[in-house]
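Asks: See model-v2.txt below, with compact mmCIF, C-alpha atoms.
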```txt
# COMPACT_ATOMS: atom_id res chain seq x y z
CA MET A 1 0.00 0.00 0.00
CA ALA A 2 3.01 2.30 0.46
CA ILE A 3 3.35 2.68 -3.29
CA LEU A 4 -0.33 3.66 -3.56
CA ASP A 5 0.23 6.40 -0.98
CA SER A 6 2.99 7.91 -3.09
CA VAL A 7 0.80 7.92 -6.21
CA SER A 8 -1.26 11.08 -6.63
CA ASN A 9 -4.88 11.05 -7.74
CA ARG A 10 -3.81 12.68 -11.00
CA GLU A 11 -1.37 9.83 -11.68
CA LEU A 12 -4.12 7.31 -10.93
CA HIS A 13 -6.42 9.06 -13.40
CA ILE A 14 -3.69 8.97 -16.06
CA TRP A 15 -3.24 5.23 -15.39
CA GLY A 16 -7.01 4.91 -15.80
CA GLU A 17 -7.00 6.79 -19.11
CA LEU A 18 -4.13 4.65 -20.36
CA ALA A 19 -5.89 1.43 -19.34
CA ILE A 20 -9.10 2.49 -21.09
CA ASP A 21 -7.22 3.52 -24.27
CA LEU A 22 -5.34 0.22 -24.39
CA GLY A 23 -8.44 -1.79 -23.50
CA ALA A 24 -10.47 -0.12 -26.26
CA ALA A 25 -7.65 -0.70 -28.75
CA ALA A 26 -7.33 -4.35 -27.72
CA TYR A 27 -11.09 -4.85 -28.18
CA TYR A 28 -11.08 -3.10 -31.56
CA PHE A 29 -8.07 -4.91 -32.99
CA SER A 30 -9.06 -8.31 -31.61
CA HIS A 31 -12.35 -7.97 -33.50
CA VAL A 32 -10.67 -6.67 -36.65
CA PHE A 33 -8.10 -9.46 -36.76
CA ASN A 34 -10.52 -12.23 -35.78
CA LEU A 35 -13.04 -11.46 -38.50
CA ASP A 36 -12.69 -13.39 -41.72
CA GLY A 37 -11.67 -11.14 -44.58
CA SER A 38 -11.15 -8.19 -42.29
CA ILE A 39 -9.75 -6.24 -45.21
CA ALA A 40 -13.17 -6.44 -46.85
CA LEU A 41 -15.03 -5.07 -43.81
CA THR A 42 -17.54 -2.51 -44.93
CA PHE A 43 -17.75 1.00 -43.58
CA ALA A 44 -21.02 0.01 -41.88
CA GLU A 45 -19.30 -2.84 -40.01
CA ILE A 46 -16.43 -0.58 -39.03
CA GLY A 47 -18.91 2.07 -37.90
CA ASP A 48 -20.70 -0.51 -35.77
CA LEU A 49 -17.42 -1.68 -34.22
CA VAL A 50 -16.22 1.88 -33.56
CA GLY A 51 -19.59 2.69 -31.99
CA ARG A 52 -19.28 -0.29 -29.65
CA VAL A 53 -15.71 0.67 -28.75
CA ILE A 54 -16.72 4.27 -27.96
CA VAL A 55 -19.75 3.27 -25.87
CA GLY A 56 -17.69 0.58 -24.09
CA ALA A 57 -14.89 3.06 -23.34
CA ILE A 58 -17.37 5.61 -21.96
CA VAL A 59 -19.08 3.01 -19.72
CA LEU A 60 -15.73 1.64 -18.56
CA GLY A 61 -14.51 5.21 -17.93
CA ILE A 62 -17.56 6.04 -15.79
CA ILE A 63 -17.08 2.88 -13.72
CA LEU A 64 -13.32 3.27 -13.35
CA PHE A 65 -13.33 6.99 -12.51
CA SER A 66 -16.21 6.46 -10.05
CA LEU A 67 -14.06 3.88 -8.28
CA LEU A 68 -11.06 6.23 -8.34
CA SER A 69 -13.16 9.11 -6.99
CA TRP A 70 -13.48 7.19 -3.70
CA ARG A 71 -9.87 8.16 -3.16
CA GLY A 72 -10.56 11.80 -4.02
CA LYS A 73 -10.60 13.95 -7.11
CA PRO A 74 -7.33 15.10 -8.73
CA GLU A 75 -6.07 18.35 -7.31
CA PRO A 76 -6.27 21.46 -9.55
CA ARG A 77 -3.33 21.55 -11.97
CA ASP A 78 -0.32 23.56 -10.90
CA GLU A 79 2.80 24.65 -12.81
CA ARG A 80 4.43 21.21 -12.53
CA ASP A 81 1.33 19.48 -13.94
CA HIS A 82 1.24 21.96 -16.83
CA HIS A 83 4.95 21.47 -17.47
CA ILE A 84 4.62 17.69 -17.53
CA ALA A 85 1.44 17.81 -19.66
CA SER A 86 3.20 20.09 -22.13
CA ARG A 87 6.18 17.71 -22.49
CA ALA A 88 3.82 14.74 -22.84
CA ARG A 89 1.71 16.51 -25.50
CA ALA A 90 4.88 17.25 -27.48
CA MET A 91 5.90 13.58 -27.31
CA GLY A 92 2.41 12.47 -28.34
CA TYR A 93 2.36 14.98 -31.20
CA TRP A 94 5.67 13.84 -32.65
CA THR A 95 4.70 10.20 -32.29
CA LEU A 96 1.45 10.90 -34.15
CA CYS A 97 3.35 12.76 -36.88
CA VAL A 98 5.78 9.86 -37.37
CA CYS A 99 2.94 7.30 -37.42
CA VAL A 100 0.90 9.32 -39.93
CA VAL A 101 3.94 9.73 -42.20
CA VAL A 102 4.49 5.95 -42.04
CA VAL A 103 0.81 5.35 -42.93
CA ILE A 104 0.94 7.82 -45.83
CA TRP A 105 4.18 6.25 -47.07
CA GLN A 106 2.77 2.71 -46.96
CA VAL A 107 -0.39 3.83 -48.82
CA GLY A 108 1.76 5.46 -51.49
CA ALA A 109 4.12 2.51 -51.74
CA GLY A 110 1.22 0.05 -51.85
CA THR A 111 -0.54 2.02 -54.60
CA ILE A 112 2.62 2.24 -56.72
CA LEU A 113 3.32 -1.48 -56.24
CA SER A 114 -0.29 -2.32 -57.16
CA SER A 115 -0.14 -0.28 -60.36
CA VAL A 116 3.30 -1.60 -61.37
CA THR A 117 2.65 -5.28 -60.68
CA GLN A 118 -1.11 -5.20 -61.43
CA GLN A 119 -1.68 -7.09 -58.17
CA HIS A 120 -3.67 -6.06 -55.11
CA TYR A 121 -1.54 -5.07 -52.15
CA ALA A 122 -3.32 -5.00 -48.82
CA PRO A 123 -1.46 -1.94 -47.47
CA ALA A 124 -3.09 0.22 -50.16
CA ASP A 125 -6.58 -0.82 -49.02
CA PRO A 126 -8.59 2.07 -47.48
CA MET A 127 -9.80 -0.17 -44.62
CA ILE A 128 -6.23 -1.09 -43.66
CA THR A 129 -5.43 2.62 -43.73
CA ILE A 130 -8.32 3.30 -41.32
CA HIS A 131 -7.07 0.59 -38.94
CA LEU A 132 -3.51 1.93 -39.13
CA LEU A 133 -4.66 5.49 -38.45
CA PHE A 134 -6.62 4.23 -35.43
CA ALA A 135 -3.48 2.40 -34.27
CA ALA A 136 -1.51 5.64 -34.74
CA LEU A 137 -3.96 7.49 -32.48
CA VAL A 138 -3.74 4.77 -29.83
CA ILE A 139 0.06 4.71 -29.94
CA ALA A 140 0.28 8.51 -29.70
CA GLY A 141 -2.19 8.54 -26.78
CA ALA A 142 -0.29 5.78 -24.98
CA ILE A 143 3.03 7.60 -25.50
CA LYS A 144 1.48 10.81 -24.12
CA SER A 145 0.12 9.07 -21.01
CA GLY A 146 3.32 7.06 -20.58
CA THR A 147 5.42 10.22 -20.80
CA GLN A 148 3.31 11.90 -18.13
CA LEU A 149 3.62 8.90 -15.82
CA PHE A 150 7.36 8.72 -16.45
CA PHE A 151 7.91 12.38 -15.57
CA TYR A 152 5.69 12.18 -12.49
CA ARG A 153 7.83 9.31 -11.21
CA ARG A 154 11.30 10.33 -12.38
CA GLY A 155 10.93 14.08 -12.01
CA ILE A 156 11.21 16.89 -14.51
CA MET B 1 15.88 9.73 -10.57
CA ALA B 2 16.66 12.92 -12.51
CA LYS B 3 18.16 15.31 -10.02
CA THR B 4 18.00 19.01 -10.78
CA GLN B 5 20.83 21.45 -10.24
CA ILE B 6 18.63 23.66 -8.10
CA ARG B 7 19.04 22.65 -4.47
CA ASN B 8 16.72 23.79 -1.73
CA ARG B 9 16.27 23.80 2.01
CA VAL B 10 12.49 23.77 1.94
CA ARG B 11 12.24 20.80 4.30
CA GLN B 12 14.51 22.45 6.89
CA TRP B 13 12.60 25.74 6.70
CA ARG B 14 9.27 23.93 7.00
CA PHE B 15 10.37 22.34 10.24
CA ALA B 16 11.81 25.65 11.41
CA HIS B 17 8.36 27.18 10.85
CA GLY B 18 6.45 25.17 13.44
CA GLU B 19 6.79 21.86 11.60
CA MET B 20 4.63 23.12 8.77
CA THR B 21 3.32 20.20 6.70
CA GLN B 22 3.83 19.83 2.97
CA ALA B 23 0.10 20.24 2.48
CA GLN B 24 0.07 23.52 4.43
CA LEU B 25 2.99 24.91 2.44
CA ALA B 26 1.39 23.73 -0.80
CA GLU B 27 -1.83 25.53 0.05
CA LYS B 28 0.01 28.75 0.98
CA VAL B 29 1.91 28.88 -2.32
CA GLY B 30 -0.90 27.51 -4.50
CA VAL B 31 0.51 24.19 -5.72
CA THR B 32 -0.21 20.52 -5.01
CA ARG B 33 1.43 18.59 -2.17
CA GLN B 34 3.06 16.36 -4.81
CA THR B 35 4.87 19.38 -6.22
CA ILE B 36 6.31 20.23 -2.78
CA LEU B 37 7.25 16.57 -2.36
CA ALA B 38 9.01 16.50 -5.76
CA LEU B 39 10.70 19.80 -5.00
CA GLU B 40 12.09 18.60 -1.66
CA ALA B 41 13.38 15.45 -3.36
CA ASN B 42 15.15 17.65 -5.95
CA ARG B 43 13.03 16.09 -8.69
CA TYR B 44 11.54 19.40 -9.79
CA SER B 45 12.99 22.86 -10.39
CA PRO B 46 10.35 25.44 -9.49
CA SER B 47 9.59 28.49 -11.57
CA LEU B 48 11.12 31.73 -10.35
CA GLU B 49 7.69 32.89 -9.20
CA LEU B 50 7.07 29.75 -7.13
CA ALA B 51 10.56 29.97 -5.62
CA PHE B 52 9.87 33.57 -4.54
CA ARG B 53 6.47 32.60 -3.13
CA ILE B 54 8.04 29.79 -1.06
CA ALA B 55 10.83 32.05 0.21
CA SER B 56 8.21 34.65 1.09
CA VAL B 57 6.23 32.12 3.18
CA PHE B 58 9.40 31.44 5.19
CA GLU B 59 10.19 35.18 5.29
CA ARG B 60 13.71 34.48 4.06
CA PRO B 61 15.67 35.79 1.07
CA LEU B 62 15.53 33.50 -1.95
CA GLU B 63 19.18 32.42 -1.67
CA GLU B 64 18.62 31.07 1.83
CA VAL B 65 16.00 28.67 0.52
CA PHE B 66 17.28 27.87 -2.97
CA SER B 67 20.77 27.51 -4.36
CA TYR B 68 22.25 26.58 -7.72
CA GLU B 69 24.94 23.94 -8.09
CA ALA B 70 27.06 24.44 -11.16
CA GLU B 71 27.92 21.28 -13.13
CA ASP B 72 31.58 20.24 -13.08
```
Translate the structure of the given file into structure tokens.
Replies:
Amino acid sequence: MAILDSVSNRELHIWGELAIDLGAAAYYFSHVFNLDGSIALTFAEIGDLVGRVIVGAIVLGIILFSLLSWRGKPEPRDERDHHIASRARAMGYWTLCVCVVVVIWQVGAGTILSSVTQQHYAPADPMITIHLLFAALVIAGAIKSGTQLFFYRRGI
Amino acid sequence: MAKTQIRNRVRQWRFAHGEMTQAQLAEKVGVTRQTILALEANRYSPSLELAFRIASVFERPLEEVFSYEAED
């Protein structure tokens, strides 16, 4: 319990956000990869899945943050919180930029390969691009939360 | 742990001021208790404004509460 005493309510909330983000991503990708012909999923199916993920994340968030509120609400942000949040946002932003560039590059490369070889390459598929962009958002969010937790523990 | 080059005697001055708690000092200077905790552990360098506010609570000049250690 000593470690719990040294963890602030704000840190606990960030852990909660991270858990919900990763949980939602795990649910989403487990469904995407377990469906037969996932590449051929229609926009309607994706919309249905995204809807379930969003509703699930909201419900999970309400439950989790209600449990955490027993310990007390996070204190108002001070200069250290703002400093850490700013560093974490920068890390998340650059991660998102790198991921988006990788996605754009693979779409371009896949399209060129498809036109040159006259064969279908999965990376050029719009649905794969949607999944990759969702993964990019999850990775960037996880990096942002992870950076905050790192600086709260290690110091800044 | 990332140690800063700003050293402080906040803990000593707290005890010299009637064993003021971290929470009391945090409330007086308008930050969270975790920030005071990080500051005392040299894991956070405060802004100039916060440093002045802390020194003002202890009614001491800034250099008696905070000092800078140059890197070798």
Asks: With distances taken over all atoms listed in the file, which of A:Val32, A:Asp125, A:Ser66, A:Cys99 is nearest to Thr111 of chain A?
Replies: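 Of the candidates, the smallest distance to Thr111 of chain A is held by A:Asp125.
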Asks: Give me, as a list in words, the residues of chain A touching chain B, with the criterion being at most 7 Å (counting all atoms listed in the file).
Replies: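 Every residue of chain A that passes the 7 Å test is in Glu75, Asp78, Arg80, Arg154, Gly155 and Ile156 of chain A.
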Asks: Limited to C-alpha atoms, could you put the picked residues into a file as a JSON list (two decimals), keeping the file's coordinate frame?
Replies:
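The file below, selection_35.json, is the result:
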```
[["chain", "number", "residue", "atom", "x", "y", "z"],
["A", 75, "GLU", "CA", -6.07, 18.35, -7.31],
["A", 78, "ASP", "CA", -0.32, 23.56, -10.90],
["A", 80, "ARG", "CA", 4.43, 21.21, -12.53],
["A", 154, "ARG", "CA", 11.30, 10.33, -12.38],
["A", 155, "GLY", "CA", 10.93, 14.08, -12.01],
["A", 156, "ILE", "CA", 11.21, 16.89, -14.51]]
```
Asks: Would you be able to write out as a PyMOL selection string which residues have an atom within 12 Å of (-3.1, 5.2, -30.2) in the file's coordinates, counting only C-alpha atoms?
Replies: chain A and resi 17-26+28-29+92-93+95-97+99-100+131-146
Asks: Distance atom CA of Ala85 of chain A-atom CA of Gln148 of chain A, one decimal place?
Replies: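 Going from atom CA of Ala85 of chain A over to atom CA of Gln148 of chain A covers 6.4 Å.
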Asks: Can you work out which one of A:Ile130, A:Ala109, A:Val116, A:Leu12 has the shortest atom-to-atom distance to Arg71 of chain A, counting all atoms listed in the file?
Replies: A:Leu12
Asks: What's the 10 Å shell around Phe66 of chain B, counting all atoms listed in the file, without same-chain residues fewer than 4 positions away, as a PDB file with C-alpha atoms, keeping the file's coordinate frame?
Replies:
```
ATOM      1  CA  ILE B   6      18.630  23.660  -8.100  1.00  0.00           C
ATOM      2  CA  ARG B   7      19.040  22.650  -4.470  1.00  0.00           C
ATOM      3  CA  ASN B   8      16.720  23.790  -1.730  1.00  0.00           C
ATOM      4  CA  ARG B   9      16.270  23.800   2.010  1.00  0.00           C
ATOM      5  CA  VAL B  10      12.490  23.770   1.940  1.00  0.00           C
ATOM      6  CA  SER B  45      12.990  22.860 -10.390  1.00  0.00           C
ATOM      7  CA  PRO B  46      10.350  25.440  -9.490  1.00  0.00           C
ATOM      8  CA  ALA B  51      10.560  29.970  -5.620  1.00  0.00           C
ATOM      9  CA  PHE B  52       9.870  33.570  -4.540  1.00  0.00           C
ATOM     10  CA  ILE B  54       8.040  29.790  -1.060  1.00  0.00           C
ATOM     11  CA  ALA B  55      10.830  32.050   0.210  1.00  0.00           C
ATOM     12  CA  PRO B  61      15.670  35.790   1.070  1.00  0.00           C
ATOM     13  CA  LEU B  62      15.530  33.500  -1.950  1.00  0.00           C
TER      14      LEU B  62
END
```
Asks: Enter the distance from atom CA of Thr42 of chain A to atom CA of Ala57 of chain A, in Å, rounded to one decimal.
Replies: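 Computing the Euclidean distance for atom CA of Thr42 of chain A and atom CA of Ala57 of chain A yields 22.5 Å.
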Asks: Which residue is closest to Phe150 of chain A? Choose from A:Ile84, A:Ile112, A:Val59, A:Arg89 and count only C-alpha atoms.
Replies: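 Residue with the minimum atom-to-atom distance to Phe150 of chain A: A:Ile84.
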Asks: Tell me, in Å to one decimal, how far atom CA of Arg10 of chain A is from atom CA of Met20 of chain B.
Replies: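 Separation between atom CA of Arg10 of chain A and atom CA of Met20 of chain B: 23.9 Å.
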Asks: Counting only C-alpha atoms, which of A:Phe151, A:Gln118, A:Tyr27, A:Val50 gets nearest to Ser86 of chain A?
Replies: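 Of A:Phe151, A:Gln118, A:Tyr27, A:Val50, the one nearest Ser86 of chain A, counting only C-alpha atoms, is A:Phe151.
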Asks: Quick one: residues within 12 Å of Leu67 of chain A, only C-alpha atoms, excluding same-chain residues fewer than 4 positions away - as a ChimeraX atom specification?
Replies: /A:9,12-13,16,60-63,71-73
